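**Student:** Got a structure for you, coords-v3.txt, holding compact mmCIF, C-alpha atoms.
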# COMPACT_ATOMS: atom_id res chain seq x y z
CA ALA A 5 0.00 0.00 0.00
CA LYS A 6 1.18 3.51 -0.80
CA ARG A 7 1.24 6.40 1.61
CA SER A 8 -1.80 8.68 1.26
CA LEU A 9 -1.18 12.08 -0.29
CA SER A 10 -3.79 13.74 1.95
CA ASN A 11 -3.15 15.13 5.44
CA LYS A 12 -5.27 14.87 8.55
CA THR A 13 -5.06 16.72 11.85
CA LEU A 14 -4.22 14.70 14.98
CA ARG A 15 -4.97 16.41 18.28
CA VAL A 16 -2.17 15.97 20.82
CA GLY A 17 -1.92 17.44 24.34
CA LEU A 18 1.35 17.58 26.29
CA ALA A 19 2.00 18.13 30.02
CA VAL A 20 5.61 18.36 31.26
CA THR A 21 6.71 18.20 34.91
CA ILE A 22 10.19 19.16 36.13
CA TYR A 23 11.54 18.84 39.67
CA SER A 24 13.88 20.87 41.85
CA HIS A 25 15.33 17.73 43.45
CA SER A 26 15.79 15.52 40.37
CA PRO A 27 17.02 15.81 36.76
CA ARG A 28 14.06 13.71 35.65
CA VAL A 29 11.53 15.27 33.27
CA ASP A 30 8.11 13.58 33.35
CA VAL A 31 5.80 13.84 30.36
CA LYS A 32 2.14 12.97 29.88
CA VAL A 33 0.65 12.86 26.38
CA ALA A 34 -3.03 12.82 25.45
CA VAL A 35 -3.88 11.79 21.87
CA ASP A 36 -7.24 11.84 20.12
CA ASN A 37 -6.53 9.41 17.29
CA ASP A 38 -8.80 9.64 14.26
CA CYS A 39 -6.23 8.52 11.68
CA GLU A 40 -5.73 5.07 10.19
CA ASP A 41 -2.72 3.02 9.12
CA HIS A 42 -0.03 5.10 10.77
CA MET A 43 2.53 5.04 13.57
CA LEU A 44 3.02 7.77 16.17
CA ARG A 45 6.37 8.15 17.91
CA VAL A 46 8.18 10.68 20.06
CA VAL A 47 11.82 11.23 19.06
CA PHE A 48 14.69 12.32 21.33
CA PRO A 49 18.00 13.36 19.70
CA PHE A 50 21.06 12.34 21.73
CA GLY A 51 23.37 14.99 20.27
CA VAL A 52 26.19 12.58 19.34
CA GLU A 53 26.49 9.16 17.77
CA ALA A 54 26.26 6.17 20.13
CA PRO A 55 27.10 2.68 18.82
CA HIS A 56 24.96 0.79 21.35
CA VAL A 57 21.69 1.10 23.22
CA HIS A 58 20.94 -0.52 26.60
CA ALA A 59 17.46 -1.85 27.35
CA TYR A 60 16.20 -3.30 30.63
CA ASP A 61 14.32 -6.58 30.39
CA HIS A 62 13.42 -9.23 32.98
CA PHE A 63 16.34 -9.11 35.47
CA ASN A 64 18.79 -8.17 32.73
CA VAL A 65 20.19 -5.24 30.74
CA ILE A 66 20.42 -6.06 27.02
CA LYS A 67 23.03 -4.30 24.91
CA ARG A 68 21.95 -3.87 21.28
CA ASP A 69 23.55 -2.23 18.27
CA VAL A 70 22.12 1.10 17.14
CA THR A 71 20.74 0.81 13.62
CA THR A 72 21.56 3.11 10.72
CA ASP A 73 18.76 1.65 8.63
CA ALA A 74 16.29 4.24 7.36
CA GLY A 75 13.38 1.86 7.97
CA TRP A 76 11.56 1.26 11.23
CA SER A 77 11.47 -1.62 13.67
CA ASP A 78 10.30 -2.07 17.25
CA GLU A 79 12.56 -3.48 19.95
CA PRO A 80 11.10 -4.58 23.30
CA PHE A 81 12.02 -3.17 26.71
CA ARG A 82 10.63 -2.81 30.22
CA HIS A 83 10.66 0.51 32.08
CA SER A 84 14.00 1.88 30.81
CA VAL A 85 16.16 2.21 27.70
CA TYR A 86 19.24 4.42 27.50
CA LEU A 87 22.21 5.66 25.48
CA ARG A 88 25.78 6.28 26.66
CA HIS A 89 28.72 8.15 25.15
CA GLY A 90 31.61 9.12 27.41
CA ALA A 91 30.26 11.38 30.18
CA ARG A 92 26.93 11.81 28.39
CA GLY A 93 23.91 9.63 29.09
CA LEU A 94 20.20 9.83 28.32
CA ALA A 95 17.59 7.39 29.61
CA LEU A 96 13.96 7.05 28.59
CA PHE A 97 11.52 5.60 31.12
CA SER A 98 7.99 4.48 30.31
CA LYS A 99 4.78 3.34 31.95
CA GLY A 100 3.29 0.56 29.85
CA LEU A 101 4.97 1.52 26.56
CA PRO A 102 7.04 -1.53 25.56
CA ALA A 103 8.58 -0.64 22.16
CA TYR A 104 11.39 1.65 21.02
CA GLN A 105 13.92 2.10 18.26
CA ALA A 106 17.44 3.54 18.50
CA LYS A 107 18.79 4.75 15.19
CA THR A 108 21.50 7.08 13.91
CA VAL A 109 20.35 9.78 11.53
CA GLY A 110 22.82 12.30 10.06
CA GLY A 111 25.57 11.37 12.52
CA GLN A 112 23.29 11.72 15.58
CA THR A 113 21.64 8.88 17.48
CA GLU A 114 17.96 9.15 18.36
CA LEU A 115 15.77 7.32 20.84
CA GLN A 116 12.30 6.81 19.40
CA LEU A 117 9.43 5.70 21.63
CA THR A 118 6.39 4.15 19.95
CA LEU A 119 3.08 5.52 21.22
CA LEU A 120 0.69 4.17 18.58
CA ARG A 121 1.04 1.67 15.76
CA CYS A 122 -2.27 1.57 13.91
CA PHE A 123 -3.21 -0.93 11.23
CA GLY A 124 -6.37 -2.45 9.83
CA ARG A 125 -5.02 -5.72 8.54
CA LEU A 126 -2.50 -8.32 9.59
CA GLY A 127 -0.08 -9.15 6.82
CA PRO A 128 1.84 -12.30 5.91
CA TRP A 129 4.76 -11.06 8.06
CA ALA A 130 2.54 -11.72 11.09
CA GLY A 131 1.69 -15.24 9.93
CA ALA A 132 -1.84 -14.27 8.92
CA ASP A 133 -3.75 -12.13 6.47
CA HIS A 134 -7.11 -10.90 7.71
CA PRO A 135 -8.73 -7.62 8.80
CA VAL A 136 -8.35 -6.37 12.40
CA PRO A 137 -10.55 -3.25 12.69
CA GLY A 138 -9.66 -2.75 16.35
CA GLY A 139 -6.02 -2.43 15.37
CA GLN A 140 -6.58 1.15 14.21
CA SER A 141 -6.67 2.22 17.91
CA LYS A 142 -9.07 5.07 17.35
CA GLY A 143 -10.20 7.32 20.17
CA ASN A 144 -8.55 8.92 23.18
CA HIS A 145 -5.26 7.62 24.53
CA ASP A 146 -3.09 8.72 27.48
CA PHE A 147 0.63 7.98 27.62
CA ALA A 148 3.33 8.62 30.21
CA TYR A 149 7.11 8.61 29.89
CA SER A 150 10.11 10.34 31.43
CA LEU A 151 13.53 11.60 30.32
CA TYR A 152 16.51 11.15 32.63
CA PRO A 153 19.94 12.63 31.78
CA PHE A 154 22.43 10.73 33.91
CA GLY A 155 26.05 11.41 32.96
CA THR A 156 28.12 8.38 34.00
CA ALA A 157 25.65 6.68 36.36
CA ALA A 158 25.85 2.89 36.69
CA ASP A 159 23.17 0.57 35.34
CA GLY A 160 21.78 -0.05 38.80
CA GLU A 161 21.28 3.66 39.50
CA ILE A 162 19.44 4.15 36.20
CA ILE A 163 17.20 1.13 36.69
CA ARG A 164 16.42 2.16 40.27
CA GLU A 165 15.32 5.60 39.06
CA ALA A 166 13.22 3.93 36.34
CA MET A 167 11.52 1.74 38.94
CA ASN A 168 10.86 4.76 41.14
CA TYR A 169 9.09 6.33 38.18
CA ALA A 170 7.23 3.29 36.86
CA VAL A 171 6.22 1.85 40.25
CA PRO A 172 6.31 4.67 42.83
CA VAL A 173 5.99 3.99 46.54
CA LEU A 174 2.37 3.96 47.66
CA ALA A 175 1.75 5.02 51.25
CA GLU A 176 -1.59 4.56 52.97
CA SER A 177 -2.56 5.56 56.49
CA GLY A 178 -4.51 3.23 58.73
CA ASP A 179 -6.37 3.68 61.98
CA MET A 180 -4.32 5.00 64.88
CA HIS A 181 -3.67 2.36 67.51
CA GLY A 182 -1.27 1.59 70.27
CA GLY A 183 1.13 -1.28 70.61
CA GLN A 184 4.73 -2.25 70.27
CA PRO A 185 6.45 -4.67 67.85
CA PRO A 186 7.20 -8.09 69.34
CA GLU A 187 10.42 -8.25 71.30
CA GLY A 188 13.38 -10.10 69.89
CA LEU A 189 12.79 -9.32 66.20
CA PRO A 190 16.16 -9.22 64.41
CA GLU A 191 17.20 -6.02 62.62
CA ILE A 192 18.70 -7.58 59.53
CA SER A 193 20.29 -5.38 56.87
CA LEU A 194 22.30 -5.68 53.65
CA ARG A 195 25.66 -4.02 53.02
CA ALA A 196 26.90 -3.87 49.41
CA GLU A 197 30.27 -3.02 47.87
CA GLY A 198 28.71 -1.35 44.83
CA ALA A 199 25.17 -0.43 43.78
CA PRO A 200 22.74 -1.90 46.33
CA PRO A 201 20.91 -4.97 45.02
CA PHE A 202 17.20 -4.81 44.34
CA VAL A 203 15.06 -6.65 46.88
CA SER A 204 12.72 -8.46 44.50
CA CYS A 205 10.57 -10.03 47.22
CA VAL A 206 10.30 -10.68 50.95
CA LYS A 207 7.78 -13.35 51.93
CA LEU A 208 7.12 -16.26 54.23
CA ALA A 209 8.50 -19.51 52.90
CA GLU A 210 5.83 -21.78 51.42
CA ASP A 211 6.64 -24.48 53.98
CA GLY A 212 6.53 -21.99 56.86
CA SER A 213 10.14 -22.66 57.84
CA GLY A 214 11.41 -19.07 57.57
CA VAL A 215 11.36 -15.81 55.65
CA LEU A 216 12.43 -15.76 52.02
CA CYS A 217 14.32 -12.85 50.46
CA ARG A 218 15.22 -12.60 46.77
CA LEU A 219 17.90 -10.21 45.53
CA TRP A 220 18.78 -9.07 42.02
CA ASN A 221 22.19 -7.56 41.36
CA PRO A 222 21.79 -4.77 38.75
CA GLY A 223 25.45 -4.43 37.83
CA MET A 224 28.87 -6.01 38.06
CA GLY A 225 29.54 -8.96 40.33
CA GLN A 226 29.98 -7.98 43.96
CA THR A 227 29.90 -9.21 47.54
CA VAL A 228 26.88 -8.39 49.71
CA VAL A 229 26.95 -8.93 53.46
CA ILE A 230 23.81 -9.97 55.38
CA GLU A 231 24.18 -8.36 58.82
CA GLY A 232 22.30 -8.32 62.10
CA LEU A 233 21.94 -12.08 62.53
CA ASP A 234 21.52 -13.52 66.02
CA GLU A 235 22.96 -16.72 67.43
CA GLY A 236 20.91 -19.62 66.13
CA ASP A 237 19.77 -17.83 62.97
CA THR A 238 20.21 -19.80 59.77
CA VAL A 239 20.75 -18.63 56.18
CA THR A 240 19.87 -21.18 53.50
CA VAL A 241 20.43 -20.52 49.80
CA THR A 242 17.49 -21.77 47.72
CA ASP A 243 16.43 -21.94 44.11
CA LEU A 244 13.41 -20.10 42.68
CA ASN A 245 11.17 -22.98 43.79
CA GLU A 246 12.41 -22.48 47.38
CA GLN A 247 14.26 -25.79 47.35
CA PRO A 248 17.40 -25.67 49.55
CA ILE A 249 20.79 -25.71 47.82
CA PHE A 250 23.21 -25.17 50.72
CA ARG A 251 23.42 -23.47 54.10
CA LEU A 252 25.67 -20.50 54.94
CA THR A 253 27.31 -20.21 58.35
CA PRO A 254 27.05 -16.77 60.03
CA GLN A 255 30.15 -15.42 61.75
CA ASP A 256 29.90 -12.50 64.17
CA GLY A 257 26.30 -11.99 63.11
CA ALA A 258 27.07 -11.64 59.40
CA VAL A 259 27.22 -13.72 56.21
CA PRO A 260 28.97 -12.59 52.99
CA VAL A 261 27.44 -13.76 49.70
CA ASN A 262 28.80 -13.36 46.17
CA LEU A 263 26.29 -11.95 43.69
CA PRO A 264 27.15 -12.55 40.02
CA ALA A 265 26.64 -9.74 37.51
CA TYR A 266 22.92 -9.29 36.84
CA GLY A 267 22.30 -12.43 38.88
CA LEU A 268 19.43 -13.53 41.12
CA PHE A 269 20.09 -14.75 44.64
CA THR A 270 17.45 -16.25 46.94
CA TYR A 271 17.99 -17.04 50.60
CA LYS A 272 15.83 -18.15 53.50
CA LEU A 273 16.22 -16.83 57.04
CA GLY A 274 15.30 -19.25 59.77
CA THR A 275 16.43 -20.57 63.12
CA ASP A 276 17.92 -23.79 64.35
CA ASP A 277 14.75 -24.53 66.34
CA GLY A 278 12.48 -23.83 63.33
CA ARG A 279 10.88 -20.65 64.72
Represent the supplied structure as structure tokens.
**Tutor:**
Amino acid sequence: AKRSLSNKTLRVGLAVTIYSHSPRVDVKVAVDNDCEDHMLRVVFPFGVEAPHVHAYDHFNVIKRDVTTDAGWSDEPFRHSVYLRHGARGLALFSKGLPAYQAKTVGGQTELQLTLLRCFGRLGPWAGADHPVPGGQSKGNHDFAYSLYPFGTAADGEIIREAMNYAVPVLAESGDMHGGQPPEGLPEISLRAEGAPPFVSCVKLAEDGSGVLCRLWNPGMGQTVVIEGLDEGDTVTVTDLNEQPIFRLTPQDGAVPVNLPAYGLFTYKLGTDDGR
């Protein structure tokens, strides 16, 4: 199919929020789409040419080549995608927008975020050939994304900021009441050499034998120390199914663990008497 020679107006509203305490720039876009068979993107020039783009996916940062192809393609990502060149860095965060393209045009790399991709028919490239009227995505749409210039920040710092944007802390107040926490609760903490690991989950073990904690290391391999353990506390390394692999022995209330680069680590805190 050829591109139409006629033009049509697309109504777009833009709201930009800047902060005194953060370099992040949050953007909300409202689109009233009445056009068919088109793609809508926002484009962010990087200012220089970058050979690679870094995209966060499930517990990993994927390094991809930047294309110089004039055509378009969509690459997947979750929450954050960013470019680096020396002391210059630009990250793009999104809420629910999973596709981008990084391409070099005229000696300058661009990050392009796909907002809409509208079509009325699946083609053979999709393994089918039939009409999909709902694929035109007509009507009102709201999108949210954020720009984050970061200089030389490490992957973990960028991803942490992306998570703060995509999944902000939600605080709720309950009824006022008295009471004190039970006595004897350990004050366990983590001490990291580099960027602090992400705490992916804290939950009771399925068999009731302790508390499970899962860590994800968002950067280079490092040693993390679990501190604040009491005499009789146990630390058991498990797999994702909570099956024990081996037990670590605390010394002076602490246990060092080696986290591989971009690796997951799951451990269970318990006691010798099973409490």
**Student:** Check the smallest atom-to-atom distance from each of A:Arg218, A:Lys99, A:Arg7, A:Lys32 to Ala19 in chain A using all atoms listed in the file, then report the winner.
**Tutor:**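 Of A:Arg218, A:Lys99, A:Arg7, A:Lys32, the one nearest Ala19 in chain A, counting all atoms listed in the file, is A:Lys32.
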**Student:** Please list, as a count of residues only, the residues that have an atom at most 6 Å away from (29.0, -12.9, 55.7) in the coordinates of this file, counting all atoms listed in the file.
**Tutor:** 5
**Student:** Counting all atoms listed in the file, which residue out of A:Phe250, A:Tyr271, A:Tyr152, A:Phe147 sits closest to Gly214 in chain A?
**Tutor:**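 Distance minimum relative to Gly214 in chain A lands on A:Tyr271.
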**Student:** With a distance cut-off of 12 Å and all atoms listed in the file, select the neighbouring residues of Thr113 in chain A, excluding the residue or stretch itself and same-chain residues fewer than 6 positions from it, and output the selection as a PyMOL selection string.
**Tutor:** chain A and resi 47-57+69-73+86-89+93-94+105-107
**Student:** With distances taken over all atoms listed in the file, which residue among A:Leu208, A:Leu233, A:Val29, A:Ala148 lies nearest Glu165 in chain A?
**Tutor:** A:Val29
**Student:** Might you pull out every residue within 12 Å of Cys217 in chain A, with all atoms listed in the file counted and same-chain residues fewer than 6 positions away left off, and present them as JSON, numbers by chain?
**Tutor:** {"A": [192, 193, 194, 201, 202, 203, 204, 205, 206, 207, 208, 209, 230, 239, 240, 241, 242, 243, 244, 246, 268, 269, 270, 271, 272, 273, 274]}
**Student:** With C-alpha atoms retained, write the just-selected residues as a PDB file, in the frame of the given file.
**Tutor:**
ATOM      1  CA  ILE A 192      18.700  -7.580  59.530  1.00  0.00           C
ATOM      2  CA  SER A 193      20.290  -5.380  56.870  1.00  0.00           C
ATOM      3  CA  LEU A 194      22.300  -5.680  53.650  1.00  0.00           C
ATOM      4  CA  PRO A 201      20.910  -4.970  45.020  1.00  0.00           C
ATOM      5  CA  PHE A 202      17.200  -4.810  44.340  1.00  0.00           C
ATOM      6  CA  VAL A 203      15.060  -6.650  46.880  1.00  0.00           C
ATOM      7  CA  SER A 204      12.720  -8.460  44.500  1.00  0.00           C
ATOM      8  CA  CYS A 205      10.570 -10.030  47.220  1.00  0.00           C
ATOM      9  CA  VAL A 206      10.300 -10.680  50.950  1.00  0.00           C
ATOM     10  CA  LYS A 207       7.780 -13.350  51.930  1.00  0.00           C
ATOM     11  CA  LEU A 208       7.120 -16.260  54.230  1.00  0.00           C
ATOM     12  CA  ALA A 209       8.500 -19.510  52.900  1.00  0.00           C
ATOM     13  CA  ILE A 230      23.810  -9.970  55.380  1.00  0.00           C
ATOM     14  CA  VAL A 239      20.750 -18.630  56.180  1.00  0.00           C
ATOM     15  CA  THR A 240      19.870 -21.180  53.500  1.00  0.00           C
ATOM     16  CA  VAL A 241      20.430 -20.520  49.800  1.00  0.00           C
ATOM     17  CA  THR A 242      17.490 -21.770  47.720  1.00  0.00           C
ATOM     18  CA  ASP A 243      16.430 -21.940  44.110  1.00  0.00           C
ATOM     19  CA  LEU A 244      13.410 -20.100  42.680  1.00  0.00           C
ATOM     20  CA  GLU A 246      12.410 -22.480  47.380  1.00  0.00           C
ATOM     21  CA  LEU A 268      19.430 -13.530  41.120  1.00  0.00           C
ATOM     22  CA  PHE A 269      20.090 -14.750  44.640  1.00  0.00           C
ATOM     23  CA  THR A 270      17.450 -16.250  46.940  1.00  0.00           C
ATOM     24  CA  TYR A 271      17.990 -17.040  50.600  1.00  0.00           C
ATOM     25  CA  LYS A 272      15.830 -18.150  53.500  1.00  0.00           C
ATOM     26  CA  LEU A 273      16.220 -16.830  57.040  1.00  0.00           C
ATOM     27  CA  GLY A 274      15.300 -19.250  59.770  1.00  0.00           C
TER      28      GLY A 274
END
**Student:** Between A:Val109, A:Leu96, A:Val16, A:Leu120, which has the minimum distance to Glu40 in chain A (counting all atoms listed in the file)?
**Tutor:** A:Leu120
**Student:** I'd like the contact shell of Asn168 in chain A - 12 Å cut-off, only C-alpha atoms, skipping same-chain residues fewer than 2 positions apart - returned as an NGL selection string.
**Tutor:** :A and (26 or 28 or 83-84 or 97-99 or 150 or 161-166 or 170-174 or 202)
**Student:** Write out as a VMD selection string which residues come within 8 Å of Arg15 in chain A when counting all atoms listed in the file, dropping same-chain ones fewer than 2 positions away.
**Tutor:** chain A and resid 13 17 35 to 37
**Student:** Residues around (14.3, 6.1, 23.4), cut-off 6 Å, counting only C-alpha atoms - what are they as number ranges by chain?
**Tutor:** A: 96, 104, 115-117
**Student:** Might you pull out every residue within 9 Å of Ala199 in chain A, with all atoms listed in the file counted and same-chain residues fewer than 5 positions away left off, and present them as an MDAnalysis selection string?
**Tutor:** chainID A and resid 158:161 221:224 226
**Student:** Here is a test: counting all atoms listed in the file, which residue of A:Ala91, A:Leu263, A:Cys39, A:Leu151 is nearest to Tyr23 in chain A?
**Tutor:**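 The closest residue to Tyr23 in chain A is A:Leu151.
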**Student:** Using CA of Tyr149 in chain A and CA of Gly267 in chain A as the two end points, give the distance in Å to one decimal.
**Tutor:**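 Taking CA of Tyr149 in chain A and CA of Gly267 in chain A, their separation equals 27.5 Å.
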